>>> print(open('protein02.txt').read())   # compact mmCIF, C-alpha atoms and all ligand atoms
# COMPACT_ATOMS: atom_id res chain seq x y z
CA MET K 203 107.12 63.18 115.23
CA ASP K 204 104.58 65.96 115.58
CA LEU K 205 101.81 64.79 113.26
CA LYS K 206 98.98 66.96 111.97
CA PRO K 207 95.45 65.50 112.15
CA TYR K 208 95.43 64.93 108.38
CA ALA K 209 98.68 62.94 108.44
CA ALA K 210 98.66 59.16 108.13
CA ASP K 211 98.73 57.71 111.63
CA PRO K 212 100.17 54.19 112.01
CA LYS K 213 97.84 53.59 114.97
CA LYS K 214 94.87 54.10 112.67
CA THR K 215 96.15 52.09 109.72
CA LYS K 216 93.60 50.23 107.64
CA GLY K 217 95.87 47.29 108.27
CA ARG K 218 97.54 44.44 106.43
CA CYS K 219 96.01 41.70 104.29
CA PHE K 220 97.32 39.06 106.73
CA GLN K 221 96.91 39.80 110.43
CA GLU K 222 100.18 40.05 112.33
CA LYS K 223 101.18 40.76 115.89
CA LYS K 224 102.22 44.39 116.44
CA SER K 225 105.91 45.06 116.98
CA PRO K 226 106.89 46.45 120.38
CA LEU K 227 109.69 48.49 118.81
CA ARG K 228 108.48 49.85 115.52
CA ASN K 229 105.20 51.24 114.28
CA ASP K 230 103.52 49.69 111.24
CA PHE K 231 104.94 52.16 108.72
CA GLN K 232 108.48 51.73 110.06
CA ARG K 233 108.06 48.00 109.66
CA ASP K 234 106.87 48.49 106.09
CA ARG K 235 109.95 50.58 105.32
CA ASP K 236 112.28 47.95 106.77
CA ARG K 237 110.56 45.23 104.77
CA VAL K 238 111.08 47.17 101.55
CA ILE K 239 114.77 47.76 102.33
CA HIS K 240 115.35 44.05 102.99
CA SER K 241 113.57 42.94 99.84
CA VAL K 242 115.27 41.46 96.78
CA GLY K 243 113.42 43.89 94.52
CA PHE K 244 115.00 46.82 96.35
CA ARG K 245 118.53 45.48 95.95
CA ARG K 246 117.95 44.97 92.23
CA LEU K 247 117.32 48.70 91.81
CA MET K 248 121.07 49.16 92.13
CA TYR K 249 121.56 47.61 88.71
CA LYS K 250 118.63 49.17 86.92
CA THR K 251 118.88 52.24 84.71
CA GLN K 252 117.46 55.60 85.47
CA VAL K 253 118.43 57.35 82.21
CA PHE K 254 121.93 56.10 81.47
CA VAL K 255 122.34 52.37 81.11
CA ASN K 256 124.00 50.96 84.18
CA HIS K 257 127.35 50.13 82.62
CA GLU K 258 127.72 53.53 80.89
CA GLY K 259 129.44 54.96 83.94
CA ASP K 260 129.58 54.63 87.68
CA MET K 261 128.65 58.16 88.61
CA TYR K 262 125.18 58.25 87.09
CA ARG K 263 121.98 57.74 89.03
CA THR K 264 120.52 54.28 89.11
CA ARG K 265 117.00 53.43 90.21
CA LEU K 266 118.41 52.78 93.67
CA THR K 267 120.10 56.15 94.16
CA HIS K 268 117.07 57.82 92.56
CA SER K 269 114.78 56.10 95.08
CA LEU K 270 117.03 57.18 97.96
CA GLU K 271 116.98 60.77 96.73
CA VAL K 272 113.18 60.67 96.45
CA ALA K 273 112.95 59.30 99.99
CA GLN K 274 115.23 61.99 101.34
CA ILE K 275 113.33 64.81 99.63
CA ALA K 276 109.94 63.39 100.63
CA ARG K 277 110.97 62.98 104.27
CA GLY K 278 112.21 66.54 104.50
CA ILE K 279 108.98 67.90 103.03
CA CYS K 280 106.80 65.67 105.24
CA ARG K 281 108.64 66.86 108.33
CA SER K 282 107.96 70.49 107.40
CA LEU K 283 104.28 69.74 106.75
CA GLY K 284 103.66 67.63 109.86
CA LEU K 285 103.11 64.49 107.77
CA ASN K 286 104.28 60.97 108.43
CA GLU K 287 107.92 60.61 107.34
CA ASP K 288 108.01 56.84 107.78
CA LEU K 289 105.13 56.29 105.41
CA ALA K 290 106.58 58.69 102.83
CA GLU K 291 109.94 56.94 103.09
CA THR K 292 108.36 53.52 102.53
CA ILE K 293 106.44 54.70 99.47
CA ALA K 294 109.49 56.47 98.04
CA LEU K 295 111.79 53.48 98.49
CA ALA K 296 109.23 51.18 96.89
CA HIS K 297 107.88 53.48 94.17
CA ASP K 298 110.10 52.13 91.38
CA LEU K 299 110.32 48.47 92.41
CA GLY K 300 108.27 47.34 89.41
CA HIS K 301 110.41 49.08 86.84
CA THR K 302 111.86 46.99 84.05
CA PRO K 303 115.56 47.07 83.22
CA PHE K 304 116.65 50.05 81.06
CA GLY K 305 114.36 52.69 82.53
CA HIS K 306 111.53 54.04 80.41
CA ALA K 307 112.88 52.41 77.28
CA GLY K 308 112.51 48.97 78.84
CA GLN K 309 109.08 49.81 80.19
CA ASP K 310 107.88 51.05 76.77
CA ALA K 311 109.26 47.95 75.05
CA LEU K 312 107.61 45.53 77.47
CA ASN K 313 104.36 47.44 77.28
CA GLU K 314 104.48 47.23 73.49
CA CYS K 315 105.10 43.47 73.59
CA MET K 316 102.24 43.05 76.04
CA ARG K 317 99.74 45.27 74.22
CA PRO K 318 97.73 42.37 72.73
CA TYR K 319 97.53 40.78 76.20
CA GLY K 320 96.52 43.79 78.31
CA GLY K 321 99.75 45.83 78.46
CA PHE K 322 102.35 46.19 81.18
CA GLU K 323 101.93 48.77 83.97
CA HIS K 324 105.04 49.33 86.09
CA ASN K 325 103.09 50.80 89.02
CA LEU K 326 100.93 47.73 89.14
CA GLN K 327 104.08 45.60 88.94
CA SER K 328 105.51 47.46 91.98
CA LEU K 329 102.38 46.51 93.86
CA ARG K 330 102.63 42.93 92.61
CA ILE K 331 106.20 42.72 93.95
CA VAL K 332 105.22 43.82 97.46
CA ASP K 333 101.94 41.87 97.42
CA VAL K 334 102.99 38.60 95.81
CA LEU K 335 106.45 38.19 94.35
CA GLU K 336 108.73 38.77 97.33
CA LYS K 337 109.11 35.50 99.21
CA ARG K 338 110.55 36.23 102.63
CA TYR K 339 107.94 35.16 105.12
CA LEU K 340 106.68 31.75 106.11
CA ASN K 341 103.02 32.64 106.48
CA PHE K 342 102.36 34.71 103.38
CA ASN K 343 103.71 35.72 100.00
CA GLY K 344 104.80 39.31 99.47
CA LEU K 345 105.74 41.78 102.18
CA ASN K 346 102.22 42.14 103.62
CA LEU K 347 102.52 45.94 103.74
CA THR K 348 99.85 48.19 105.24
CA TYR K 349 97.02 49.57 103.12
CA GLU K 350 98.56 53.07 103.28
CA SER K 351 101.90 51.93 101.84
CA ARG K 352 100.19 49.93 99.09
CA GLU K 353 97.89 52.85 98.27
CA GLY K 354 100.96 55.10 97.84
CA ILE K 355 102.89 52.60 95.73
CA LEU K 356 100.02 52.30 93.24
CA LYS K 357 100.43 55.75 91.73
CA HIS K 358 98.65 55.02 88.45
CA CYS K 359 96.38 52.22 87.40
CA SER K 360 94.13 51.62 84.39
CA LYS K 361 90.40 51.44 85.14
CA LYS K 362 90.36 47.84 83.90
CA ASN K 363 92.91 46.77 86.50
CA ALA K 364 91.49 49.05 89.20
CA ARG K 365 88.22 47.08 89.08
CA ILE K 366 89.95 43.93 90.30
CA LEU K 367 91.86 45.60 93.14
CA GLY K 368 88.98 46.10 95.59
CA GLU K 369 89.27 49.06 97.95
CA LEU K 370 92.74 49.90 96.67
CA GLY K 371 91.46 50.38 93.13
CA GLU K 372 88.40 52.43 94.09
CA ARG K 373 90.10 55.79 93.97
CA PHE K 374 90.88 55.36 90.26
CA LEU K 375 87.21 54.66 89.58
CA ASN K 376 85.77 57.33 91.89
CA CYS K 377 88.45 60.00 91.36
CA LYS K 378 89.54 60.08 95.00
CA GLN K 379 92.96 61.07 96.31
CA THR K 380 95.70 59.26 98.20
CA SER K 381 97.19 60.29 101.55
CA LEU K 382 99.17 63.53 101.53
CA GLU K 383 102.30 61.47 102.15
CA ALA K 384 101.78 59.63 98.85
CA GLN K 385 101.06 62.92 97.08
CA VAL K 386 104.29 64.38 98.46
CA VAL K 387 106.28 61.37 97.20
CA ASN K 388 104.95 61.89 93.65
CA PHE K 389 106.29 65.43 93.67
CA ALA K 390 109.53 64.41 95.40
CA ASP K 391 109.97 61.97 92.49
CA GLU K 392 109.47 64.78 89.99
CA ILE K 393 111.85 67.09 91.87
CA ALA K 394 114.52 64.38 92.12
CA TYR K 395 114.50 63.38 88.46
CA THR K 396 114.23 66.95 87.18
CA VAL K 397 117.43 67.88 89.01
CA HIS K 398 119.37 64.67 88.52
CA ASP K 399 118.59 64.32 84.81
CA LEU K 400 120.15 67.76 84.31
CA ASP K 401 123.06 66.85 86.55
CA ASP K 402 123.73 63.48 84.87
CA GLY K 403 123.19 65.09 81.47
CA PHE K 404 125.88 67.65 82.28
CA ARG K 405 128.31 65.07 83.67
CA SER K 406 127.90 62.95 80.56
CA GLY K 407 128.88 65.92 78.39
CA ILE K 408 125.53 65.84 76.57
CA LEU K 409 124.07 68.98 78.17
CA SER K 410 126.36 71.99 77.86
CA PHE K 411 127.14 74.38 80.67
CA GLU K 412 126.20 77.31 78.41
CA SER K 413 122.74 75.91 77.62
CA LEU K 414 122.02 74.90 81.23
CA ILE K 415 122.68 78.34 82.68
CA LYS K 416 120.09 79.84 80.36
CA LEU K 417 117.31 77.74 81.90
CA PRO K 418 114.80 79.33 84.27
CA ILE K 419 115.74 79.12 87.98
CA ILE K 420 119.28 77.98 87.03
CA LYS K 421 119.91 81.35 85.33
CA GLU K 422 118.68 83.11 88.45
CA VAL K 423 120.85 81.09 90.86
CA PHE K 424 123.85 81.20 88.53
CA GLU K 425 123.78 84.98 88.45
CA VAL K 426 123.99 85.33 92.21
CA ILE K 427 127.13 83.17 92.52
CA GLN K 428 129.94 85.59 93.45
CA GLU K 429 133.39 85.52 91.86
CA ARG K 430 132.50 82.86 89.35
CA ASP K 431 135.92 82.99 87.67
CA LYS K 432 137.47 81.36 90.73
CA PHE K 433 135.57 78.10 90.15
CA SER K 434 135.46 75.37 87.54
CA LYS K 435 132.34 74.79 85.46
CA SER K 436 131.57 71.60 87.33
CA GLN K 437 131.85 73.36 90.72
CA ILE K 438 129.48 76.06 89.53
CA MET K 439 127.07 73.50 88.10
CA ASN K 440 127.07 71.58 91.42
CA GLU K 441 126.13 74.79 93.17
CA CYS K 442 123.40 75.53 90.60
CA MET K 443 121.93 72.04 91.05
CA ARG K 444 121.99 72.36 94.81
CA LEU K 445 120.18 75.70 94.65
CA LEU K 446 117.72 74.43 92.04
CA LEU K 447 116.83 71.54 94.34
CA TYR K 448 116.44 73.91 97.27
CA LYS K 449 114.18 76.25 95.26
CA LEU K 450 111.93 73.43 94.08
CA VAL K 451 111.62 71.89 97.54
CA SER K 452 110.97 75.20 99.29
CA ASP K 453 108.42 76.41 96.73
CA PHE K 454 106.59 73.09 96.93
CA THR K 455 106.61 73.09 100.73
CA PHE K 456 105.34 76.66 101.19
CA GLN K 457 102.75 76.36 98.44
CA SER K 458 101.46 73.04 99.81
CA LYS K 459 101.39 74.31 103.38
CA ALA K 460 99.20 77.24 102.32
CA THR K 461 96.78 75.01 100.39
CA ILE K 462 96.51 72.46 103.19
CA GLN K 463 95.75 75.19 105.71
CA LYS K 464 93.10 76.68 103.45
CA GLU K 465 91.36 73.32 102.96
CA ASN K 466 91.20 72.75 106.70
CA PHE K 467 91.45 68.95 106.54
CA LEU K 468 90.59 67.27 109.82
CA SER K 469 91.59 63.75 108.88
CA ILE K 470 93.23 61.61 106.23
CA GLU K 471 89.73 60.74 104.99
CA ASP K 472 89.08 64.44 104.29
CA VAL K 473 92.25 64.39 102.19
CA ARG K 474 91.15 61.26 100.32
CA LYS K 475 87.68 62.68 99.62
CA HIS K 476 89.01 65.99 98.32
CA LYS K 477 88.42 66.65 94.62
CA ASN K 478 92.07 67.51 93.85
CA GLN K 479 95.55 66.86 95.08
CA ALA K 480 96.23 69.29 97.91
CA VAL K 481 99.94 69.70 97.32
CA GLY K 482 101.91 71.20 94.43
CA PHE K 483 104.14 73.95 93.09
CA SER K 484 103.31 77.63 92.61
CA GLN K 485 102.26 78.64 89.09
CA GLN K 486 105.62 80.30 88.55
CA ILE K 487 107.57 77.12 89.33
CA LYS K 488 105.14 75.02 87.28
CA ASP K 489 105.94 77.21 84.27
CA CYS K 490 109.68 76.89 84.91
CA MET K 491 109.42 73.11 85.28
CA LYS K 492 107.62 72.92 81.94
CA ILE K 493 110.47 74.73 80.19
CA ILE K 494 113.10 72.56 81.93
CA LYS K 495 111.24 69.39 80.91
CA GLN K 496 111.00 70.50 77.29
CA TYR K 497 114.73 71.27 77.37
CA THR K 498 115.62 67.87 78.87
CA HIS K 499 113.38 66.05 76.42
CA LYS K 500 114.85 67.76 73.38
CA ASN K 501 118.50 67.93 74.43
CA LEU K 502 118.95 64.80 76.54
CA PHE K 503 116.34 62.17 75.72
CA GLN K 504 116.44 62.90 72.01
CA HIS K 505 120.23 63.12 71.91
CA LYS K 506 121.90 60.68 69.51
CA LYS K 507 123.81 58.91 72.29
CA VAL K 508 120.75 58.45 74.51
CA VAL K 509 118.54 57.42 71.56
CA GLU K 510 121.13 54.80 70.65
CA MET K 511 121.14 53.46 74.23
CA THR K 512 117.34 53.48 74.20
CA GLU K 513 117.11 51.58 70.93
CA ASN K 514 119.62 48.95 72.12
CA ALA K 515 117.68 48.58 75.36
CA LYS K 516 114.39 48.14 73.52
CA SER K 517 115.79 45.54 71.16
CA THR K 518 117.15 43.58 74.14
CA VAL K 519 113.68 43.49 75.71
CA PHE K 520 112.04 42.58 72.37
CA LYS K 521 114.52 39.75 71.92
CA LEU K 522 113.95 38.38 75.42
CA PHE K 523 110.18 38.61 75.10
CA ASP K 524 110.14 37.00 71.68
CA TYR K 525 112.32 34.11 72.83
CA PHE K 526 110.48 33.36 76.06
CA GLU K 527 107.06 33.81 74.49
CA LYS K 528 107.92 31.00 72.08
CA ASN K 529 109.77 28.93 74.70
CA THR K 530 107.85 29.41 77.96
CA ASN K 531 109.08 26.00 79.08
CA THR K 532 112.61 27.45 79.34
CA LEU K 533 111.55 30.12 81.87
CA PRO K 534 112.82 29.39 85.38
CA GLN K 535 110.35 27.07 87.10
CA SER K 536 108.89 29.70 89.43
CA TYR K 537 107.96 31.90 86.45
CA GLN K 538 106.10 29.19 84.56
CA LYS K 539 102.43 30.00 85.03
CA LYS K 540 100.28 27.56 83.10
CA GLU K 541 97.08 29.55 83.74
CA ASN K 542 98.62 32.83 82.53
CA PRO K 543 102.02 32.45 80.85
CA TYR K 544 102.29 36.20 80.12
CA LEU K 545 102.15 37.03 83.80
CA GLY K 546 105.22 34.85 84.46
CA LEU K 547 106.93 36.26 81.39
CA CYS K 548 106.39 39.86 82.60
CA ASP K 549 107.50 39.01 86.13
CA TYR K 550 110.69 37.47 84.76
CA ILE K 551 111.65 40.19 82.27
CA SER K 552 110.64 43.16 84.42
CA GLY K 553 112.56 41.73 87.38
CA MET K 554 115.84 41.60 85.45
CA THR K 555 118.67 44.03 86.05
CA ASP K 556 120.22 45.78 83.03
CA ARG K 557 123.29 43.59 82.93
CA PHE K 558 121.41 40.34 83.50
CA ALA K 559 119.08 41.20 80.60
CA ILE K 560 122.01 42.09 78.30
CA ASP K 561 123.93 38.94 79.24
CA LEU K 562 120.96 36.67 78.77
CA ALA K 563 119.88 38.25 75.48
CA SER K 564 123.41 37.84 74.11
CA LYS K 565 123.21 34.10 74.73
CA LEU K 566 119.86 33.56 72.97
MG MG K 601 110.82 57.53 90.20
>>> encode(input="protein02.txt", output="structure tokens", more="lines below")
Ligand code: MG
Amino acid sequence: MDLKPYAADPKKTKGRCFQEKKSPLRNDFQRDRDRVIHSVGFRRLMYKTQVFVNHEGDMYRTRLTHSLEVAQIARGICRSLGLNEDLAETIALAHDLGHTPFGHAGQDALNECMRPYGGFEHNLQSLRIVDVLEKRYLNFNGLNLTYESREGILKHCSKKNARILGELGERFLNCKQTSLEAQVVNFADEIAYTVHDLDDGFRSGILSFESLIKLPIIKEVFEVIQERDKFSKSQIMNECMRLLLYKLVSDFTFQSKATIQKENFLSIEDVRKHKNQAVGFSQQIKDCMKIIKQYTHKNLFQHKKVVEMTENAKSTVFKLFDYFEKNTNTLPQSYQKKENPYLGLCDYISGMTDRFAIDLASKL
């Protein structure tokens, strides 16, 4: 890997909370990635919703396939920019670990239940999974990931919680940046869900072919497809999605490369100290993305079928929370936290897969 001076370098990592012997075969970021892949939290992503509830159909994205797509996009971009692919891959694979069942609906519901007790932040929960909840090692709890992986996983954090996180929380208080690798993953996330929400929306029959081909970028790529009559609508839409993805990734990569060169960063610390994020889309693509997001929001997320799924999902979380709040003694032993029962309650509910949550709620 030909790394630029501003890339994250595993040899210069700020290290792990618990000292460990170095591996002779893998660098620290590769080890982090492998730890995430072997974790229980990662496997659970397979049965957690992205937009469509897991049992709605087998061809939709789940949190697992979404995370793999984010990792793939982020790695490609990092390779073009001379950044560390292993670190980006780790962050991407772990970025949604703390998500509740039922996607954003589940997250909103749990946050609402937790509002009187400090709220629920899924980014913080992702960090809690890799720092505390995974139990795979004899000498420590959690996965004992490097500082750089943990920094990337904690994408957002309230100031209140940032104050108790030490060095990791400082950037939220002092408006500092993360590594470029973590910044790239945030955009890879946005690219992945922008494209796959449209794709899944089309496959589900909710988003029409005719409305999709009027969208910016898609209209442009649609019009250059030759002999369109020869192909089915789904073949053409696959091609449009492929080209949309390519356009977003290439715009982001060229735009970011130009900005990084202009800033003349000499180290990762220069990146962290910089006043803004150094990567992003061109203004033209930003405008297009805004229109696509408004379209998806109105036509997919507010669609009757999706709203119905969302409402069912929320009521499942409300039911589970209500029951276990009143009956904390019925939580599995490892989730019973006398000193802070709500922490155990959140760990339990947020760790559930869609089908486990539905099954359990139906028995209460
Ligand atoms: Mg995501």
>>> residues_near_ligand(input="protein02.txt", ligand="ligand MG 601 (chain K)", cutoff="9 Å", atoms="only C-alpha atoms and all ligand atoms", output="short mmCIF file (atom, residue, chain, number, x, y, z; two decimals) with C-alpha atoms, keeping the file's coordinate frame")
data_model
loop_
_atom_site.label_atom_id
_atom_site.label_comp_id
_atom_site.auth_asym_id
_atom_site.auth_seq_id
_atom_site.Cartn_x
_atom_site.Cartn_y
_atom_site.Cartn_z
CA GLN K 252 117.46 55.60 85.47
CA ARG K 265 117.00 53.43 90.21
CA HIS K 268 117.07 57.82 92.56
CA SER K 269 114.78 56.10 95.08
CA VAL K 272 113.18 60.67 96.45
CA ALA K 294 109.49 56.47 98.04
CA HIS K 297 107.88 53.48 94.17
CA ASP K 298 110.10 52.13 91.38
CA ASN K 388 104.95 61.89 93.65
CA ALA K 390 109.53 64.41 95.40
CA ASP K 391 109.97 61.97 92.49
CA GLU K 392 109.47 64.78 89.99
CA ALA K 394 114.52 64.38 92.12
CA TYR K 395 114.50 63.38 88.46
#
>>> atom_distance(input="protein02.txt", atom1="CA of Leu445 in chain K", atom2="CA of Lys421 in chain K")
10.9 Å
>>> residues_around(input="protein02.txt", residues="range 209-221 of chain K", least_positions_apart="4", cutoff="9 Å", atoms="only C-alpha atoms", output="PyMOL selection string")
chain K and resi 205+229-232+283-286+289+341-342+346-350+381-383+469-470
>>> atom_distance(input="protein02.txt", atom1="CA of Arg557 in chain K", atom2="CA of Phe523 in chain K")
16.1 Å
>>> residues_around(input="protein02.txt", residues="Gln309 in chain K", least_positions_apart="6", cutoff="10 Å", atoms="all atoms listed in the file", output="number ranges by chain")
K: 300-303, 315, 322-324, 515-516, 519, 552
>>> closest_residue(input="protein02.txt", among="K:Ile438, K:Ser241, K:Phe433, K:Tyr525", to="Ile415 in chain K", atoms="all atoms listed in the file")
K:Ile438
>>> residues_around(input="protein02.txt", residues="Arg235 in chain K", least_positions_apart="2", cutoff="8 Å", atoms="all atoms listed in the file", output="number ranges by chain")
K: 231-233, 237-239, 288-289, 291-293, 295
